[in-house]
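A.B. asks: Below you'll find the structure I mean.
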Amino acid sequence: MISQGEDPTHVSGPRTGRGLGSLTWSVVLNAVLVAAFVVGAIPIVAIARGFVELVQQSRIRSGADWLAYGLAFTGLFLGAIFFAYALKYYLSTAMVLLTTLVGAPPRNGNGTKPANGRINGNGHGHGISLDLGHHPFVSVHVAAYNEKRVIERLLEALRQLDYPEYEVVLVDDSTDESVEILERWKTWPRLKLIHRTSRAGYKGGALREALKVMDPRTEYVVIFDADSVPFPDSIERLLPYFYRVGDGSSSSRRFEAAFGRTDAPSEPGQIKRRPEVAAVQSYQWHVLNKSESWLTEAVRAEYAGSYMIERPFQDAIGSLKMIAGTAYMIRADVLRQVGWGTSITEDWELTLKLYARGYKVVYTPWAETPAECVSTFSRLARQRMRWAEGHTYNVRKWFLEIMRSPFVTPLEKLEFMYDSTYYLQAGLFVIGSIAWLISELVFRTHVPGWTALLGWSLLFSNIFALPLMNLGGLILEEAPARDVQGAFGAVVLSFALVPFQGWAAFKGLISKDEGPWFRTPKTGRVTDSVRHLRRLYMLQRLLRGRRPRGPQWVAPATPLATSTVRRAPMRRRWAGWLAVVILALVFGGLAAMSVHAPTVSAAGNPLYLHGTGTSPGCTPSTMDPNAGTRATPCAIQSAAGGATSTWTLTSSTAQTVDPGTWTFTFYWTGGTGATNDVVSIAAGVSATASCAGFVATVPSGTSTWSASYGGSTANPNSPLTVSTSSSQLALVIPPGGSLCLSVTLTHNTGGKPSMLYDGTAGIGNTGVVPPSIVVPESLVGLTGVALFAPLLAGRFVRRRRS
C-alpha cells in the first residue's frame, strides 16, 4: 500500500549514472536551450545598440524625427518581446517533432516512465496500466451551472467509466431545466448530487462543497467540466502518472535526464508513488463540434498546438505547467491540504498554490477528453476575457511568492515569467507591428543597425510561430486535412481577441478584486465522431502508412442537434505537410537573408563629412552617419573662381534616396572686411566606389542649391544651412556604387573664410541631410501575404460549390 501525504520537498537520493548516449543527448539538448536564449536576446541587444548609436550621433533633429524613431523603436522592441514567445513556440515544435522522428518512446516527462503492469486492460490500445494490488478510490467532481444541453451527456459518459472504485459528486447551481434533468439521475448509486441556491465562490466555491462530501476513502479526485465526454478508460489512463516503476535502466530517462531531473533509483518492478506529483493534466480535446464553423476549427487548432506541442515540451524539460480547469486528476490528500480558492480562474490559482508548496503538475496527452469548442465569437471573447483577467490577477497576487520560493526551480520561474504576460503577447505583437510598419512604409525610418529586411524577418518569424506549432499539433494527432485550415483561422482569431484580452488583462493587473464569472453557454452539438488518439510514436507512422482505427466514441442518441459535415479525405494528409514545408522554407529563407542583410543609414539623418591626414589641412574623403571627433577640425579655404571638394558614401547594397529636399549645414570661420563668398553644393551617383568624374543630378533643372555668406551678406554667422530650392527626384545607388557630394567655395570680396568639417558637434560637424535613404526591399515582405491566397481561394471555391 502506498503511503499518503509525503512532503515533496524532502525527496532525495543519488543520481543514476548516465551512459555516453545519455550524456550526448544531454549536451545536445542543453546546447539547444542555450542557443535559444542567445537567439532570443539578439534583437534586444541590437535595439539597445541602435539606441546608443542614435544618441551618440544626435540624429533626432525635429518633432517628425521623434515620432519616426519612436515608432521604429517601439515596433522593434515589442516585436523583440514577442519574438521571445515565438522562439519558445519554434523550439517546442522543433524539439517535439525531432524526438518523435527519432523514435523516442512515450514518457511522462518527469524523470520516469509511467508505471506498467495492469489495471483492467480494456483493449483501447493505450499501453499504460498499473498493478498496485488494489484500486485507489477516485472521486469525480463536476461543478455545473445551467448546463441543460450537455449535463446528461456527461453523466452518461461517467456512468460508462470502466473502473470499479469511483463516485461522482455533482454540485449544481442551476436555475434552468438542468434541475429536472438531474432529478432523474438521483437513483444512480454512484452519484452524490448537491444543489446550491447561490453561486458563492463560483466554480471554486462549488468544488469546495464537493470536497466536503466526497468519500473519506478517496485517494484521487478527477475534475470534469459539463461539456466533457470522457472515454471509459479515462481514470486508468491518468492514475499511472502518479507512480514510478523501477526498471533498472536509465535509457528511458534520456530526455528528462538531460536537464538533471532524474529520480532516486529503485529495484526493477518496484512501484513507488512520486511524492512531488500532485496533479496530472490531460488533453482538453475540443473536437466534438469542430466542423461547425471556421471559429470552431480555429479553436480546435489552437488546442492541438498547445496540448500536443507546447505542453509536452514543458513537461519534458521540467518547466511550470498549468492545471487547465478540466480533464485532470489530483491527489485527494494534497487537495484537502491546499483547498479550493474562489478565483474566476480557480485552476491557475490552484496551480500556483501547488508549486509554491513544492508540488508539481505533470502532463499527458494519453487521457484525452473530448469536449466542445466555443461556437460564437462573443462567447469566446467573454471566456477569454475571464481567463485573461483571472490569470493576470493571480500573477500579481502570487508573483513574489513564486519568484522567492526555494521549491520552484529556475526553469519553472522562467516559465512563470513567460506566463505573466501570456494574454498580452498578441497585443504586443499587433501594436509593435503597426508601429514598425508606419515607421518603415510612411517615414522610412530605420533603427541604426537594422534594415528593412531584418525588420520583415522579425515580423514574419513572429507571425508564423503559432501557425507552425498548431500545424505540428494537428500532424501529431494525424488529424484530417480539413483541420489544417483551422491553423490559419487561429491566427485571425488571436488578433481579433487582442482588444478584449488586453483590456481584461490590464483590469486584472490593477483591480483590487476580480470581476464576476460569466458562464460560457454550451450548445451540445456534435458534428464529428471521435476515437482515442493513436499511440503517437508519431510521425514515422504518418510516413509509413495508416494503422487500423481503434474503438470510437459515438454521440449518444439524444434530442440534441447534430449536423452532417463533409469530411476531407484522410488520404489528403499531405496538405498538412505541404503547409509546414512552405512555412519552414519562408522562415528559413528570411532567416538566411537576414544573416547577410547590410546595415544602412537611418532615414533623415545627416551624413557628416570626413577627411584624411592631419588637420586643418586634411584631404576630403568620405561621408557617413558618424559625427567627426577632431578637436581641431579640417578646413578648406575659399578661392576666386571656386575651390571644389568631393566626398563619397559607398554602399555595398542597392539603396534609394527618396524624392525630396536636400539640406546642407556647414560651419565656417575667418573672413575680414566686406566678405562676400558663395557656397554651391551638388550631389549625384557613381556606379563605382570612386566619385571621380561623377555627374551631378542634384540640384536638377532650374532649381538651385547655393547661398552667399560673410560679413556683408544676409548670412554673416556660422553655421549656415542651405537647402535645395525645390524637391528633387529620387537617386538610385547601385550595389557597390556611391553617393557623391561636391562643395564649391567661391571667393568674391573681403577676407577668405574657410569651411570647417570633420570636427566635433557644434564646432565643425558639417554635413548633408538627404531625403530618406532606404533599402529597396522594403516592400518585399508583403509578398508573404501570398501564402494565404490558396487558403482564401479554396474557401471561396468551396462556398461557391456548396
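Ligands are numbered from 1 in the order shown, chains are lettered A, B, ... in the order of the C-alpha cells, and residues start at 1 in each chain.
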What's the 6 Å shell around Ala278 in chain A, counting only C-alpha atoms, without same-chain residues fewer than 4 positions away, as a ChimeraX atom specification?

C.D. replies: /A:330-331,359-360

A.B. asks: I need the strand (DSSP E or B) residues of range 170-339 of chain A per DSSP on the backbone, written as a PyMOL selection string.

C.D. replies: chain A and resi 170-172+191-195+220-223+243-245+271-273+277-281+284-286+328-331

A.B. asks: Take the residues that were just selected and, keeping C-alpha atoms, output them as a compact mmCIF listing (two decimals), in the first residue's frame.

C.D. replies:
# COMPACT_ATOMS: atom_id res chain seq x y z
CA LEU A 170 -22.02 16.93 -8.87
CA VAL A 171 -22.59 20.41 -7.41
CA ASP A 172 -25.35 22.20 -9.30
CA LEU A 191 -23.93 9.93 -7.78
CA LYS A 192 -23.92 12.48 -4.96
CA LEU A 193 -25.98 15.49 -6.02
CA ILE A 194 -25.77 18.86 -4.28
CA HIS A 195 -27.99 21.80 -5.22
CA TYR A 220 -7.62 10.83 -6.10
CA VAL A 221 -10.05 13.45 -7.42
CA VAL A 222 -10.87 13.94 -11.10
CA ILE A 223 -12.37 17.20 -12.37
CA TYR A 243 3.71 6.34 -9.76
CA ARG A 244 7.05 5.14 -10.98
CA VAL A 245 8.17 1.60 -11.68
CA ILE A 271 6.18 0.64 -7.66
CA LYS A 272 6.58 3.93 -5.81
CA ARG A 273 4.38 6.96 -5.61
CA VAL A 277 3.47 14.92 -8.35
CA ALA A 278 0.24 16.49 -7.10
CA ALA A 279 -1.79 16.55 -10.30
CA VAL A 280 -1.88 15.08 -13.81
CA GLN A 281 -3.36 17.25 -16.53
CA GLN A 284 -8.80 19.03 -23.34
CA TRP A 285 -9.61 17.71 -26.78
CA HIS A 286 -12.03 20.23 -28.29
CA TYR A 328 -7.20 16.37 -14.72
CA MET A 329 -6.63 14.19 -11.66
CA ILE A 330 -5.27 15.47 -8.35
CA ARG A 331 -4.27 13.70 -5.15

A.B. asks: For CA of Val361 in chain A and CA of Glu514 in chain A, quote the distance in Å rounded to one decimal.

C.D. replies: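 Distance between the two atoms: 25.1 Å.
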
A.B. asks: Which polymer residues have any atom within 10 Å of an atom of range 644-651 of chain A, counting only C-alpha atoms, with same-chain residues fewer than 3 positions away left out, as an mmCIF file with C-alpha atoms, in the first residue's frame?

C.D. replies:
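Result saved to out.cif:
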data_model
loop_
_atom_site.group_PDB
_atom_site.id
_atom_site.type_symbol
_atom_site.label_atom_id
_atom_site.label_comp_id
_atom_site.auth_asym_id
_atom_site.auth_seq_id
_atom_site.Cartn_x
_atom_site.Cartn_y
_atom_site.Cartn_z
ATOM 1 C CA PRO A 598 23.625 45.022 -44.738
ATOM 2 C CA THR A 599 23.381 47.910 -42.351
ATOM 3 C CA VAL A 600 22.106 51.135 -43.963
ATOM 4 C CA SER A 601 21.845 54.740 -42.950
ATOM 5 C CA LEU A 607 25.870 62.377 -43.420
ATOM 6 C CA TYR A 608 28.905 64.012 -41.857
ATOM 7 C CA LEU A 609 31.926 64.985 -43.956
ATOM 8 C CA HIS A 610 35.315 63.463 -43.102
ATOM 9 C CA GLY A 611 38.894 63.958 -44.175
ATOM 10 C CA THR A 619 42.174 65.679 -47.711
ATOM 11 C CA PRO A 620 38.395 65.388 -48.284
ATOM 12 C CA SER A 621 37.407 61.692 -48.353
ATOM 13 C CA THR A 622 34.160 60.147 -47.137
ATOM 14 C CA MET A 623 30.853 60.929 -45.503
ATOM 15 C CA ASP A 624 28.831 58.714 -43.160
ATOM 16 C CA PRO A 625 26.330 58.982 -40.276
ATOM 17 C CA ILE A 636 39.026 74.323 -46.764
ATOM 18 C CA SER A 638 37.517 79.576 -50.451
ATOM 19 C CA ALA A 639 39.205 80.731 -53.655
ATOM 20 C CA GLY A 641 36.958 81.003 -59.282
ATOM 21 C CA ALA A 654 21.341 48.831 -53.699
ATOM 22 C CA GLN A 655 19.807 51.855 -51.991
ATOM 23 C CA VAL A 679 28.842 78.086 -51.318
ATOM 24 C CA SER A 680 27.416 75.813 -54.044
ATOM 25 C CA ILE A 681 26.536 72.158 -53.383
ATOM 26 C CA ALA A 682 25.791 69.337 -55.819
ATOM 27 C CA ALA A 683 25.118 65.627 -55.451
ATOM 28 C CA VAL A 685 25.624 58.926 -58.051
ATOM 29 C CA SER A 686 28.656 56.985 -59.238
ATOM 30 C CA ALA A 687 28.464 53.345 -60.344
ATOM 31 C CA THR A 688 31.769 52.608 -58.628
ATOM 32 C CA ALA A 689 33.393 53.213 -55.259
ATOM 33 C CA SER A 690 35.040 56.351 -56.669
ATOM 34 C CA CYS A 691 33.333 59.672 -57.330
ATOM 35 C CA ALA A 692 35.899 60.783 -59.861
ATOM 36 C CA PHE A 694 30.565 61.717 -61.356
ATOM 37 C CA ILE A 733 22.587 53.937 -55.760
ATOM 38 C CA PRO A 734 23.544 50.611 -57.406
ATOM 39 C CA PRO A 735 25.260 47.830 -55.415
ATOM 40 C CA GLY A 736 28.889 48.819 -54.962
ATOM 41 C CA GLY A 737 28.122 52.345 -56.151
ATOM 42 C CA SER A 738 28.497 55.635 -54.326
ATOM 43 C CA LEU A 739 26.578 58.715 -53.347
ATOM 44 C CA CYS A 740 28.751 61.704 -54.203
ATOM 45 C CA LEU A 741 28.705 65.234 -52.774
ATOM 46 C CA SER A 742 30.693 68.188 -54.104
ATOM 47 C CA VAL A 743 31.055 71.553 -52.371
ATOM 48 C CA THR A 744 32.414 74.628 -54.177
ATOM 49 C CA LEU A 745 33.558 77.660 -52.145
ATOM 50 C CA THR A 746 33.828 80.793 -54.341
#

A.B. asks: Identify, on the basis of only C-alpha atoms, every residue whose closest approach to Ser228 in chain A does not exceed 10 Å; exclude the query and any residue fewer than 2 positions from it along the same chain; express the result as an mmCIF file with N, CA, C and O atoms, in the first residue's frame.

C.D. replies:
data_model
loop_
_atom_site.group_PDB
_atom_site.id
_atom_site.type_symbol
_atom_site.label_atom_id
_atom_site.label_comp_id
_atom_site.auth_asym_id
_atom_site.auth_seq_id
_atom_site.Cartn_x
_atom_site.Cartn_y
_atom_site.Cartn_z
ATOM 1 N N VAL A 150 -25.951 19.768 -22.063
ATOM 2 C CA VAL A 150 -24.812 18.840 -22.055
ATOM 3 C C VAL A 150 -24.721 17.984 -20.799
ATOM 4 O O VAL A 150 -23.972 17.012 -20.780
ATOM 5 N N ILE A 151 -25.429 18.329 -19.726
ATOM 6 C CA ILE A 151 -25.199 17.661 -18.448
ATOM 7 C C ILE A 151 -25.538 16.175 -18.502
ATOM 8 O O ILE A 151 -24.829 15.344 -17.924
ATOM 9 N N ARG A 153 -25.425 14.237 -21.130
ATOM 10 C CA ARG A 153 -24.388 13.585 -21.936
ATOM 11 C C ARG A 153 -23.167 13.259 -21.082
ATOM 12 O O ARG A 153 -22.571 12.182 -21.190
ATOM 13 N N LEU A 154 -22.772 14.183 -20.211
ATOM 14 C CA LEU A 154 -21.643 13.945 -19.319
ATOM 15 C C LEU A 154 -21.944 12.804 -18.352
ATOM 16 O O LEU A 154 -21.113 11.911 -18.150
ATOM 17 N N LEU A 155 -23.113 12.820 -17.735
ATOM 18 C CA LEU A 155 -23.450 11.778 -16.764
ATOM 19 C C LEU A 155 -23.484 10.397 -17.421
ATOM 20 O O LEU A 155 -23.053 9.401 -16.813
ATOM 21 N N ALA A 157 -21.650 9.475 -19.925
ATOM 22 C CA ALA A 157 -20.248 9.086 -20.118
ATOM 23 C C ALA A 157 -19.625 8.648 -18.803
ATOM 24 O O ALA A 157 -18.839 7.686 -18.764
ATOM 25 N N LEU A 158 -19.949 9.336 -17.702
ATOM 26 C CA LEU A 158 -19.392 8.966 -16.398
ATOM 27 C C LEU A 158 -19.932 7.611 -15.942
ATOM 28 O O LEU A 158 -19.225 6.850 -15.270
ATOM 29 N N ILE A 223 -11.498 16.064 -12.068
ATOM 30 C CA ILE A 223 -12.367 17.196 -12.366
ATOM 31 C C ILE A 223 -12.744 17.175 -13.843
ATOM 32 O O ILE A 223 -11.870 17.080 -14.714
ATOM 33 N N PHE A 224 -14.049 17.257 -14.111
ATOM 34 C CA PHE A 224 -14.532 17.390 -15.480
ATOM 35 C C PHE A 224 -15.489 18.570 -15.560
ATOM 36 O O PHE A 224 -16.262 18.810 -14.629
ATOM 37 N N ASP A 225 -15.438 19.295 -16.688
ATOM 38 C CA ASP A 225 -16.455 20.305 -16.970
ATOM 39 C C ASP A 225 -17.680 19.634 -17.576
ATOM 40 O O ASP A 225 -17.622 18.494 -18.063
ATOM 41 N N ALA A 226 -18.787 20.365 -17.604
ATOM 42 C CA ALA A 226 -20.051 19.769 -18.030
ATOM 43 C C ALA A 226 -20.055 19.378 -19.497
ATOM 44 O O ALA A 226 -20.790 18.471 -19.896
ATOM 45 N N PRO A 230 -15.742 12.099 -21.248
ATOM 46 C CA PRO A 230 -14.551 11.256 -21.029
ATOM 47 C C PRO A 230 -14.735 9.856 -21.605
ATOM 48 O O PRO A 230 -15.843 9.308 -21.622
ATOM 49 N N PHE A 231 -13.661 9.276 -22.072
ATOM 50 C CA PHE A 231 -13.668 7.894 -22.516
ATOM 51 C C PHE A 231 -13.807 6.964 -21.312
ATOM 52 O O PHE A 231 -13.461 7.339 -20.178
ATOM 53 N N GLN A 284 -7.436 18.569 -23.077
ATOM 54 C CA GLN A 284 -8.801 19.030 -23.342
ATOM 55 C C GLN A 284 -8.985 19.022 -24.862
ATOM 56 O O GLN A 284 -8.606 19.967 -25.543
ATOM 57 N N TRP A 285 -9.578 17.966 -25.335
ATOM 58 C CA TRP A 285 -9.606 17.710 -26.783
ATOM 59 C C TRP A 285 -10.889 18.295 -27.362
ATOM 60 O O TRP A 285 -11.926 17.645 -27.412
ATOM 61 N N HIS A 286 -10.835 19.518 -27.818
ATOM 62 C CA HIS A 286 -12.031 20.228 -28.287
ATOM 63 C C HIS A 286 -12.320 19.852 -29.743
ATOM 64 O O HIS A 286 -11.913 20.555 -30.674
ATOM 65 N N LEU A 288 -15.600 17.873 -30.493
ATOM 66 C CA LEU A 288 -16.959 17.375 -30.691
ATOM 67 C C LEU A 288 -17.703 18.142 -31.771
ATOM 68 O O LEU A 288 -18.420 17.557 -32.576
ATOM 69 N N THR A 326 -10.189 21.347 -16.369
ATOM 70 C CA THR A 326 -10.954 20.120 -16.588
ATOM 71 C C THR A 326 -10.006 19.048 -17.102
ATOM 72 O O THR A 326 -8.889 19.340 -17.526
ATOM 73 N N ALA A 327 -10.470 17.799 -17.043
ATOM 74 C CA ALA A 327 -9.696 16.665 -17.555
ATOM 75 C C ALA A 327 -8.374 16.503 -16.813
ATOM 76 O O ALA A 327 -7.332 16.292 -17.427
ATOM 77 N N THR A 369 -9.660 14.005 -23.379
ATOM 78 C CA THR A 369 -11.086 14.067 -23.069
ATOM 79 C C THR A 369 -11.794 14.934 -24.102
ATOM 80 O O THR A 369 -11.588 16.157 -24.138
ATOM 81 N N PRO A 370 -12.629 14.335 -24.972
ATOM 82 C CA PRO A 370 -13.362 15.148 -25.945
ATOM 83 C C PRO A 370 -14.237 16.193 -25.263
ATOM 84 O O PRO A 370 -14.821 15.943 -24.207
ATOM 85 N N ALA A 371 -14.297 17.361 -25.857
ATOM 86 C CA ALA A 371 -15.090 18.462 -25.308
ATOM 87 C C ALA A 371 -15.554 19.343 -26.457
ATOM 88 O O ALA A 371 -15.203 19.130 -27.620
ATOM 89 N N GLU A 372 -16.309 20.346 -26.094
ATOM 90 C CA GLU A 372 -16.962 21.212 -27.076
ATOM 91 C C GLU A 372 -16.145 22.473 -27.312
ATOM 92 O O GLU A 372 -15.590 23.054 -26.382
#

A.B. asks: Near Thr520 in chain A, counting only C-alpha atoms, which residues have an atom at most 9 Å away, once you skip same-chain residues fewer than 4 positions from it, shown as a ChimeraX atom specification?

C.D. replies: /A:374,379-380,382-383

A.B. asks: For the interface of range 646-687 of chain A with range 709-729 of chain A (cut-off 10 Å, counting only C-alpha atoms), please tabulate each contacting residue of range 646-687 of chain A alongside its nearest pair of atoms and their separation in Å to one decimal, rows sorted by chain and increasing number, as a Markdown table.

C.D. replies:
| residue | atom | partner | partner_atom | distance |
| --- | --- | --- | --- | --- |
| A:Val657 | CA | A:Leu729 | CA | 8.7 |
| A:Asp658 | CA | A:Leu729 | CA | 7.4 |
| A:Pro659 | CA | A:Leu729 | CA | 4.7 |
| A:Gly660 | CA | A:Ser727 | CA | 4.5 |
| A:Thr661 | CA | A:Ser727 | CA | 4.6 |
| A:Trp662 | CA | A:Thr724 | CA | 5.6 |
| A:Thr663 | CA | A:Ser723 | CA | 4.2 |
| A:Phe664 | CA | A:Val722 | CA | 5.1 |
| A:Thr665 | CA | A:Thr721 | CA | 4.2 |
| A:Phe666 | CA | A:Pro719 | CA | 5.5 |
| A:Tyr667 | CA | A:Pro719 | CA | 4.4 |
| A:Trp668 | CA | A:Ser718 | CA | 5.7 |
| A:Thr669 | CA | A:Ser718 | CA | 7.2 |
| A:Gly670 | CA | A:Gly710 | CA | 9.0 |
| A:Gly671 | CA | A:Gly710 | CA | 7.0 |
| A:Thr672 | CA | A:Gly711 | CA | 7.5 |
| A:Gly673 | CA | A:Gly711 | CA | 7.0 |
| A:Ala674 | CA | A:Ser712 | CA | 5.0 |
| A:Thr675 | CA | A:Gly710 | CA | 4.8 |
| A:Asn676 | CA | A:Gly710 | CA | 5.0 |
| A:Asp677 | CA | A:Tyr709 | CA | 5.5 |
| A:Val678 | CA | A:Tyr709 | CA | 6.1 |
| A:Val679 | CA | A:Tyr709 | CA | 7.6 |
| A:Ser680 | CA | A:Val722 | CA | 9.1 |
| A:Ile681 | CA | A:Val722 | CA | 8.7 |
| A:Ala682 | CA | A:Thr724 | CA | 9.5 |

A.B. asks: Using only C-alpha atoms, find the one residue out of A:Ser343, A:Thr697, A:Thr632, A:Gln637 that sits nearest to Gly759 in chain A.

C.D. replies: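 Residue with the minimum atom-to-atom distance to Gly759 in chain A: A:Thr632.
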